[in-house]
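Enquirer: Data: query_35.csv, CSV, C-alpha atoms.
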chain,number,residue,atom,x,y,z
N,6,MET,CA,0.9,1.9,27.0
N,7,VAL,CA,1.0,-1.6,25.4
N,8,ALA,CA,-2.2,-3.5,24.6
N,9,THR,CA,-2.2,-7.2,23.6
N,10,HIS,CA,-5.2,-8.7,21.7
N,11,LEU,CA,-6.7,-5.2,21.5
N,12,ASP,CA,-10.0,-6.4,20.0
N,13,THR,CA,-11.5,-9.7,18.9
N,14,GLU,CA,-12.6,-8.5,15.4
N,15,SER,CA,-9.1,-7.6,14.0
N,16,MET,CA,-7.2,-9.8,16.5
N,17,HIS,CA,-4.1,-7.7,16.6
N,18,GLU,CA,-1.4,-9.4,18.5
N,19,HIS,CA,0.2,-6.2,19.9
N,20,VAL,CA,-0.6,-2.5,19.8
N,21,VAL,CA,1.7,0.0,21.2
N,22,MET,CA,0.4,3.5,21.9
N,23,LYS,CA,2.7,6.0,23.6
N,24,ARG,CA,3.6,9.7,23.6
N,25,GLY,CA,7.2,10.1,22.3
N,26,VAL,CA,9.5,11.1,25.1
N,27,ARG,CA,11.5,13.4,22.7
N,28,SER,CA,8.8,14.6,20.3
N,29,GLY,CA,5.7,14.6,22.5
N,30,LEU,CA,3.8,13.2,19.6
N,31,PRO,CA,1.5,10.2,19.6
N,32,ILE,CA,3.3,7.0,18.3
N,33,VAL,CA,1.3,3.9,17.3
N,34,VAL,CA,2.8,0.6,16.4
N,35,ALA,CA,0.3,-2.1,15.4
N,36,VAL,CA,1.3,-5.7,14.9
N,37,HIS,CA,-1.6,-7.6,13.3
N,38,SER,CA,-0.1,-11.0,12.9
N,39,THR,CA,3.1,-12.9,13.2
N,40,ALA,CA,1.6,-16.3,12.3
N,41,LEU,CA,3.6,-16.5,9.1
N,42,GLY,CA,6.7,-14.8,10.5
N,43,GLN,CA,8.0,-11.3,11.5
N,44,ALA,CA,5.4,-8.6,10.9
N,45,ILE,CA,6.4,-5.9,8.5
N,46,GLY,CA,4.9,-2.6,7.5
N,47,GLY,CA,5.6,1.1,6.8
N,48,CYS,CA,6.2,4.0,9.1
N,49,ARG,CA,3.7,6.7,8.3
N,50,ILE,CA,4.0,10.3,9.4
N,51,ALA,CA,0.8,12.1,8.6
N,52,HIS,CA,-1.7,14.7,9.8
N,53,TYR,CA,-4.8,13.4,11.6
N,54,PRO,CA,-7.7,15.4,13.2
N,55,HIS,CA,-7.1,13.4,16.4
N,56,TRP,CA,-4.5,10.8,17.5
N,57,ARG,CA,-7.3,8.2,17.6
N,58,ASP,CA,-7.7,8.6,13.9
N,59,GLY,CA,-4.0,7.6,13.6
N,60,LEU,CA,-4.7,4.6,15.7
N,61,THR,CA,-7.6,3.6,13.5
N,62,ASP,CA,-5.4,4.0,10.4
N,63,ALA,CA,-2.7,1.8,11.9
N,64,LEU,CA,-5.1,-1.0,12.8
N,65,ARG,CA,-6.6,-0.9,9.3
N,66,LEU,CA,-3.3,-0.7,7.4
N,67,SER,CA,-1.6,-3.4,9.5
N,68,ALA,CA,-4.4,-5.9,8.9
N,69,ALA,CA,-4.3,-5.1,5.2
N,70,MET,CA,-0.5,-5.7,5.3
N,71,SER,CA,-1.1,-9.2,6.7
N,72,ASP,CA,-3.3,-10.0,3.8
N,73,LYS,CA,-0.8,-8.5,1.4
N,74,CYS,CA,2.0,-10.6,2.7
N,75,ALA,CA,-0.1,-13.8,2.7
N,76,LEU,CA,-1.2,-13.4,-0.9
N,77,ALA,CA,2.3,-12.5,-2.0
N,78,GLY,CA,3.6,-15.8,-0.4
N,79,LEU,CA,5.9,-13.9,2.0
N,80,PRO,CA,7.0,-15.5,5.3
N,81,ASN,CA,5.8,-12.4,7.1
N,82,GLY,CA,2.8,-10.9,8.8
N,83,GLY,CA,1.4,-7.3,8.9
N,84,GLY,CA,2.2,-4.3,11.0
N,85,LYS,CA,2.2,-0.5,10.8
N,86,THR,CA,3.8,2.5,12.5
N,87,VAL,CA,1.8,5.7,12.6
N,88,VAL,CA,3.0,9.1,13.9
N,89,ALA,CA,-0.1,11.3,14.3
N,90,LEU,CA,0.7,14.9,13.5
N,91,PRO,CA,-1.9,17.5,14.7
N,92,PRO,CA,-3.4,19.6,11.9
N,93,GLY,CA,-1.0,22.3,10.8
N,94,ARG,CA,2.0,20.8,12.6
N,95,THR,CA,5.3,20.8,10.7
N,96,LEU,CA,8.6,19.1,11.6
N,97,ASP,CA,12.0,20.7,11.2
N,98,ALA,CA,15.1,18.5,11.0
N,99,ALA,CA,15.5,18.2,14.8
N,100,ALA,CA,11.9,17.5,15.4
N,101,ARG,CA,11.8,14.9,12.6
N,102,ARG,CA,14.8,13.1,14.1
N,103,ALA,CA,13.2,13.1,17.5
N,104,VAL,CA,10.0,11.6,16.1
N,105,LEU,CA,11.9,8.9,14.2
N,106,HIS,CA,13.9,8.0,17.3
N,107,ASP,CA,10.7,7.8,19.3
N,108,ALA,CA,9.2,5.4,16.7
N,109,GLY,CA,12.4,3.4,16.8
N,110,ASP,CA,12.2,3.0,20.5
N,111,ALA,CA,8.6,1.7,20.3
N,112,ILE,CA,9.6,-0.8,17.6
N,113,ALA,CA,12.6,-1.9,19.7
N,114,GLY,CA,10.3,-2.7,22.5
N,115,LEU,CA,8.6,-5.4,20.5
N,116,ASP,CA,11.9,-7.5,20.4
N,117,GLY,CA,11.9,-8.2,16.7
N,118,ALA,CA,8.2,-9.1,16.3
N,119,TYR,CA,8.0,-6.2,13.7
N,120,ALA,CA,10.2,-4.4,11.2
N,121,THR,CA,9.4,-1.1,9.5
N,122,GLY,CA,10.1,0.5,6.2
N,123,PRO,CA,9.1,3.8,4.4
N,124,ASP,CA,5.5,4.9,3.9
N,125,VAL,CA,3.6,8.2,3.5
N,126,GLY,CA,5.8,10.9,5.0
N,127,THR,CA,9.0,8.8,5.3
N,128,GLY,CA,11.7,7.6,3.0
N,129,PRO,CA,14.8,5.4,2.9
N,130,ASP,CA,17.0,7.9,4.7
N,131,ASP,CA,14.5,8.0,7.6
N,132,MET,CA,15.0,4.2,8.0
N,133,VAL,CA,18.7,4.9,8.7
N,134,THR,CA,17.6,7.3,11.5
N,135,ILE,CA,15.2,4.7,13.0
N,136,ALA,CA,18.0,2.1,12.7
N,137,GLY,CA,19.8,4.2,15.3
N,138,ARG,CA,17.3,2.9,17.8
N,139,THR,CA,16.4,-0.6,16.4
N,140,PRO,CA,17.9,-2.9,13.7
N,141,HIS,CA,14.4,-3.9,12.6
N,142,THR,CA,14.1,-1.7,9.5
N,143,PHE,CA,14.2,-2.2,5.7
N,144,CYS,CA,14.4,-0.2,2.5
N,145,ARG,CA,17.4,1.7,3.8
N,146,PRO,CA,19.5,3.4,1.1
N,147,VAL,CA,21.9,1.2,-0.8
N,148,HIS,CA,24.9,3.0,0.7
N,149,ALA,CA,23.6,2.1,4.1
N,150,GLY,CA,23.3,-1.6,3.3
N,151,GLY,CA,19.7,-1.6,2.2
N,152,SER,CA,17.8,-2.1,-1.0
N,153,GLY,CA,17.0,1.5,-1.5
N,154,ASP,CA,13.8,3.2,-2.6
N,155,SER,CA,11.1,0.6,-3.1
N,156,SER,CA,8.8,2.8,-5.3
N,157,GLY,CA,10.3,1.5,-8.6
N,158,HIS,CA,9.7,-2.1,-7.6
N,159,THR,CA,6.2,-1.3,-6.5
N,160,ALA,CA,5.6,0.2,-9.9
N,161,VAL,CA,7.0,-2.9,-11.6
N,162,GLY,CA,4.4,-4.9,-9.7
N,163,VAL,CA,1.7,-2.5,-10.7
N,164,LEU,CA,2.6,-3.0,-14.4
N,165,ALA,CA,2.6,-6.8,-14.0
N,166,ALA,CA,-0.9,-6.5,-12.4
N,167,LEU,CA,-2.1,-4.2,-15.2
N,168,HIS,CA,-1.1,-6.8,-17.8
N,169,ALA,CA,-3.1,-9.5,-16.0
N,170,LEU,CA,-6.1,-7.2,-15.5
N,171,CYS,CA,-6.2,-6.2,-19.2
N,172,ALA,CA,-5.9,-9.8,-20.3
N,173,GLU,CA,-8.9,-10.7,-18.1
N,174,ARG,CA,-11.0,-7.7,-18.9
N,175,PHE,CA,-10.2,-7.1,-22.5
N,176,GLY,CA,-8.8,-10.4,-23.7
N,177,SER,CA,-5.3,-9.0,-24.3
N,178,ALA,CA,-2.4,-8.0,-22.1
N,179,ASP,CA,-1.2,-5.4,-24.7
N,180,LEU,CA,-1.2,-2.1,-22.8
N,181,SER,CA,-0.6,-0.1,-26.0
N,182,ALA,CA,-4.2,-0.8,-27.0
N,183,ARG,CA,-5.6,0.6,-23.8
N,184,SER,CA,-6.3,4.0,-22.1
N,185,PHE,CA,-5.4,4.7,-18.5
N,186,ALA,CA,-6.2,7.5,-16.0
N,187,VAL,CA,-3.4,7.7,-13.4
N,188,LEU,CA,-4.6,9.5,-10.3
N,189,GLY,CA,-1.6,10.6,-8.1
N,190,LEU,CA,1.9,11.2,-9.4
N,191,GLY,CA,4.0,10.6,-6.3
N,192,ARG,CA,6.9,8.3,-6.2
N,193,VAL,CA,5.0,5.2,-7.3
N,194,GLY,CA,2.4,6.9,-9.5
N,195,GLY,CA,5.1,8.8,-11.4
N,196,HIS,CA,7.0,5.6,-12.2
N,197,VAL,CA,3.8,3.9,-13.3
N,198,LEU,CA,2.9,6.8,-15.6
N,199,ARG,CA,6.4,6.7,-17.3
N,200,MET,CA,6.1,2.9,-17.7
N,201,LEU,CA,2.7,3.1,-19.3
N,202,ALA,CA,4.0,5.8,-21.6
N,203,ASP,CA,6.9,3.6,-22.6
N,204,ALA,CA,4.3,0.8,-23.3
N,205,GLY,CA,2.5,3.1,-25.7
N,206,ALA,CA,-0.7,3.5,-23.7
N,207,THR,CA,-3.0,6.5,-24.0
N,208,LEU,CA,-2.8,8.5,-20.8
N,209,VAL,CA,-4.7,10.9,-18.6
N,210,ALA,CA,-3.1,12.1,-15.3
N,211,ALA,CA,-3.8,14.2,-12.3
N,212,ASP,CA,-2.3,15.2,-8.9
N,213,ILE,CA,-3.3,17.7,-6.2
N,214,ASP,CA,0.3,19.1,-6.6
N,215,GLU,CA,0.2,21.2,-9.8
N,216,SER,CA,4.0,21.1,-10.1
N,217,ARG,CA,3.7,17.5,-11.2
N,218,ARG,CA,2.0,18.5,-14.4
N,219,MET,CA,5.5,18.6,-16.0
N,220,LEU,CA,5.8,14.9,-15.4
N,221,ALA,CA,2.5,14.3,-17.1
N,222,ASP,CA,3.6,16.5,-20.1
N,223,THR,CA,6.8,14.6,-20.4
N,224,ALA,CA,4.9,11.3,-20.5
N,225,GLY,CA,2.5,12.6,-23.1
N,226,ALA,CA,-0.4,12.4,-20.7
N,227,ALA,CA,-3.4,14.8,-20.8
N,228,TRP,CA,-3.4,16.8,-17.6
N,229,THR,CA,-6.7,17.2,-15.8
N,230,SER,CA,-8.1,17.8,-12.3
N,231,PRO,CA,-8.2,14.9,-9.7
N,232,GLN,CA,-12.0,14.8,-9.9
N,233,ASP,CA,-12.1,14.6,-13.7
N,234,CYS,CA,-9.3,12.0,-13.7
N,235,LEU,CA,-11.4,9.9,-11.4
N,236,THR,CA,-14.4,10.0,-13.7
N,237,ALA,CA,-12.4,9.9,-17.0
N,238,ASP,CA,-13.7,7.8,-19.9
N,239,VAL,CA,-10.9,5.4,-20.0
N,240,ASP,CA,-10.3,1.6,-20.0
N,241,VAL,CA,-8.5,1.5,-16.7
N,242,LEU,CA,-8.4,3.8,-13.7
N,243,VAL,CA,-5.1,3.6,-11.7
N,244,PRO,CA,-5.5,5.0,-8.2
N,245,ALA,CA,-2.0,5.9,-7.0
N,246,ALA,CA,-2.7,8.4,-4.2
N,247,LEU,CA,-4.3,7.9,-0.7
N,248,GLY,CA,-7.1,5.4,-0.1
N,249,GLY,CA,-10.8,5.6,0.5
N,250,LEU,CA,-11.4,6.7,-3.1
N,251,LEU,CA,-14.1,4.1,-4.1
N,252,THR,CA,-17.3,4.8,-2.2
N,253,PRO,CA,-21.1,4.4,-2.9
N,254,HIS,CA,-21.0,8.1,-3.9
N,255,THR,CA,-18.1,7.9,-6.4
N,256,VAL,CA,-18.6,4.4,-8.0
N,257,PRO,CA,-21.8,5.4,-9.9
N,258,THR,CA,-19.8,8.3,-11.5
N,259,LEU,CA,-17.0,6.1,-12.8
N,260,ARG,CA,-16.7,5.6,-16.6
N,261,CYS,CA,-13.8,3.1,-16.6
N,262,ALA,CA,-14.1,-0.6,-17.3
N,263,ALA,CA,-11.5,-1.7,-14.8
N,264,ILE,CA,-9.5,-0.5,-11.8
N,265,ALA,CA,-6.0,-1.4,-10.6
N,266,GLY,CA,-3.5,0.8,-8.7
N,267,PRO,CA,-1.0,1.0,-5.9
N,268,ALA,CA,-3.1,3.2,-3.5
N,269,ASN,CA,-3.8,1.2,-0.3
N,270,ASN,CA,-7.3,0.6,1.0
N,271,GLN,CA,-9.1,1.9,-2.1
N,272,LEU,CA,-12.5,0.7,-0.9
N,273,ASP,CA,-14.2,2.8,1.9
N,274,ILE,CA,-16.0,-0.4,3.1
N,275,PRO,CA,-15.8,-4.0,1.8
N,276,ALA,CA,-19.3,-3.8,0.4
N,277,THR,CA,-18.2,-1.3,-2.2
N,278,ALA,CA,-16.6,-4.3,-4.1
N,279,ASP,CA,-20.1,-5.6,-4.7
N,280,LEU,CA,-21.1,-2.2,-6.0
N,281,LEU,CA,-18.2,-2.1,-8.5
N,282,HIS,CA,-19.3,-5.6,-9.6
N,283,GLN,CA,-22.9,-4.4,-10.2
N,284,HIS,CA,-21.5,-1.6,-12.3
N,285,ASP,CA,-19.5,-4.1,-14.4
N,286,ILE,CA,-16.2,-2.6,-13.3
N,287,LEU,CA,-13.4,-5.1,-12.7
N,288,TRP,CA,-11.4,-4.2,-9.6
N,289,ALA,CA,-8.0,-5.6,-8.8
N,290,PRO,CA,-7.5,-5.8,-5.0
N,291,ASP,CA,-4.8,-3.3,-4.0
N,292,ILE,CA,-3.3,-5.7,-1.5
N,293,ILE,CA,-2.1,-7.7,-4.6
N,294,VAL,CA,-1.4,-4.8,-7.0
N,295,SER,CA,0.7,-2.8,-4.5
N,296,ALA,CA,2.9,-5.6,-3.1
N,297,GLY,CA,6.0,-5.2,-5.4
N,298,GLY,CA,8.0,-2.9,-3.2
N,299,ILE,CA,7.5,-4.9,-0.1
N,300,ILE,CA,8.2,-8.2,-1.9
N,301,HIS,CA,11.5,-7.0,-3.3
N,302,ALA,CA,12.7,-5.2,-0.2
N,303,THR,CA,12.0,-8.0,2.2
N,304,ALA,CA,13.4,-10.7,-0.2
N,305,VAL,CA,16.7,-8.8,-0.5
N,306,GLU,CA,17.1,-7.3,3.0
N,307,LEU,CA,15.3,-9.8,5.3
N,308,HIS,CA,15.6,-13.1,3.4
N,309,GLN,CA,19.0,-12.6,1.6
N,310,GLU,CA,17.7,-13.3,-1.9
N,311,THR,CA,19.4,-11.8,-4.9
N,312,SER,CA,17.8,-8.8,-6.7
N,313,THR,CA,17.1,-11.1,-9.7
N,314,GLN,CA,15.2,-13.6,-7.5
N,315,ALA,CA,13.3,-10.8,-5.8
N,316,THR,CA,12.4,-9.2,-9.2
N,317,ALA,CA,11.0,-12.6,-10.3
N,318,ARG,CA,8.8,-12.6,-7.2
N,319,VAL,CA,7.5,-9.2,-8.1
N,320,GLN,CA,6.6,-10.3,-11.6
N,321,GLY,CA,4.7,-13.1,-10.0
N,322,ILE,CA,2.1,-10.6,-9.0
N,323,ALA,CA,0.6,-11.1,-12.5
N,324,ASP,CA,0.0,-14.8,-11.9
N,325,THR,CA,-1.4,-14.2,-8.4
N,326,LEU,CA,-3.9,-11.6,-9.7
N,327,ALA,CA,-4.8,-13.6,-12.8
N,328,ASP,CA,-5.7,-16.5,-10.5
N,329,ILE,CA,-7.8,-14.3,-8.3
N,330,LEU,CA,-9.7,-12.8,-11.2
N,331,ARG,CA,-10.3,-16.2,-12.8
N,332,THR,CA,-11.6,-17.6,-9.6
N,333,ALA,CA,-13.9,-14.6,-9.1
N,334,ARG,CA,-15.3,-15.0,-12.7
N,335,ALA,CA,-15.8,-18.7,-12.3
N,336,THR,CA,-17.6,-18.4,-8.9
N,337,GLY,CA,-19.5,-15.2,-9.7
N,338,SER,CA,-17.9,-13.5,-6.7
N,339,THR,CA,-15.8,-10.3,-6.6
N,340,PRO,CA,-12.0,-10.2,-6.4
N,341,ALA,CA,-12.4,-9.0,-2.8
N,342,ALA,CA,-12.6,-12.7,-2.0
N,343,ALA,CA,-8.8,-12.6,-2.1
N,344,HIS,CA,-9.0,-11.5,1.6
N,345,SER,CA,-10.6,-14.8,2.5
N,346,ARG,CA,-7.7,-16.6,0.8
N,347,ALA,CA,-5.2,-14.5,2.6
N,348,ARG,CA,-6.9,-15.1,6.0
N,349,HIS,CA,-7.0,-18.9,5.3
N,350,ARG,CA,-3.2,-18.9,4.8
N,351,ILE,CA,-2.7,-16.9,8.0
N,352,GLU,CA,-4.9,-19.2,10.0
N,353,HIS,CA,-3.1,-22.2,8.6
N,354,GLY,CA,0.3,-20.7,9.5
N,355,ARG,CA,-1.0,-20.0,13.1
N,356,ARG,CA,-2.1,-23.6,13.5
Translate the structure described by the file into structure tokens.

Expert:
Amino acid sequence: MVATHLDTESMHEHVVMKRGVRSGLPIVVAVHSTALGQAIGGCRIAHYPHWRDGLTDALRLSAAMSDKCALAGLPNGGGKTVVALPPGRTLDAAARRAVLHDAGDAIAGLDGAYATGPDVGTGPDDMVTIAGRTPHTFCRPVHAGGSGDSSGHTAVGVLAALHALCAERFGSADLSARSFAVLGLGRVGGHVLRMLADAGATLVAADIDESRRMLADTAGAAWTSPQDCLTADVDVLVPAALGGLLTPHTVPTLRCAAIAGPANNQLDIPATADLLHQHDILWAPDIIVSAGGIIHATAVELHQETSTQATARVQGIADTLADILRTARATGSTPAAAHSRARHRIEHGRR
């Protein structure tokens, strides 16, 4: 089933909901906006209690991607693909290929309005499989004509953001003088941890996967539990796992002075930004901090820029965030006002 203008609040342009003909699994493709150009967003394969939860996730994440693209100055809108796996369901190689082909067919049906890349549960090789059904993919492996794994470029953007955050909060961009708690050591979080170690920072780290303790040890980070990492007494908390971490319940337990990380949708609800402000915790919006990978990949693969040009765009995250933080300080507002700036650009593009 295809729904256009599904609801007036989020104003998604297209939402595709269908059961995959090969996999039998629910496939959701949400296109939030093409006002600035082709919508882009990752393909997520994850477990959900019900397929409707996957739909909710797709709508939320695609809207956030529109804001991310707008703030990054990209000529693109936001979209998302979600494959909702039932609890306990695993995919063997054949089932995975079937799911990816089903997702590719759903994307192909949008006639170029949306292109997808890797996300939770997918990687660059999966984009090659999807490309068997539609050309509208990015972050394919280099040997397949793409720009490869975007996690390293995302991490570069996170470091740029951390420099800007520390300059605003502590008066110096020097990371070696600061302590950081990195929560989540996946592809991006692992890169960020190593970069912070190279910068001479004091580190605490955690992940639900105990095997990643070796990465923490190598980086010289103190290993702890995810809960203790969240509430660690550090200068900066770096959320690098799944979202929804910052809530009215968790914020009062935090002992950090600032927060910036690549995890998407860190706030459970927008009002939590006000709660962070009340607790004198400076929060950097994740739609800015996490944009490095998408900036680099789309610049190289969709807009034919050189890697050097794309990397310069990623480094520009520091300037974008610094401007947002300065404006928030000057107006007495929270950095969450960045969403309003993004929506203004989207509306201007639509007109």

Enquirer: Do you know which residues are at most 10 Å from Gly225 of chain N counting all atoms listed in the file, after dropping those on the same chain fewer than 4 positions away, and could you put them as an NGL selection string?

Expert: :N and (198-199 or 202 or 205-210 or 219-221)

Enquirer: Point out the residue among N:Val33, N:Ala226, N:Val133, N:Ile45 with the least atom-to-atom distance to Gly153 of chain N, counting all atoms listed in the file.

Expert: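 Once distances to Gly153 of chain N are computed over all atoms listed in the file, the minimum belongs to N:Val133.
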
Enquirer: Hey, which of N:Gly84, N:Gly93, N:Gly29, N:Gly157 ends up closest to Thr316 of chain N? Count only C-alpha atoms.

Expert: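 Of N:Gly84, N:Gly93, N:Gly29, N:Gly157, the one nearest Thr316 of chain N, counting only C-alpha atoms, is N:Gly157.
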
Enquirer: Point out the residue among N:His282, N:Arg217, N:Arg334, N:Arg192 with the least atom-to-atom distance to Ala246 of chain N, counting all atoms listed in the file.

Expert: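 Using all atoms listed in the file, Ala246 of chain N sits closest to N:Arg192.
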
Enquirer: Give the answer as one residue: which of N:Ala211, N:Val125, N:Val26, N:Ala342 has the shortest atom-to-atom distance to Arg49 of chain N, using all atoms listed in the file?

Expert: N:Val125

Enquirer: Taking all atoms listed in the file into account, which of N:Ala186, N:Ile213, N:Cys144, N:Val21 comes nearest Ala304 of chain N?

Expert: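 Smallest distance to Ala304 of chain N is found for N:Cys144.
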
Enquirer: Counting all atoms listed in the file, what is within 12 Å of His284 of chain N, bar same-chain residues fewer than 4 positions away, as an MDAnalysis selection string?

Expert: chainID N and resid 253 255:263 277:280 288 339

Enquirer: How many Å lie between atom CA of Ile299 of chain N and atom CA of Arg27 of chain N, rounded to one decimal?

Expert: 29.5 Å
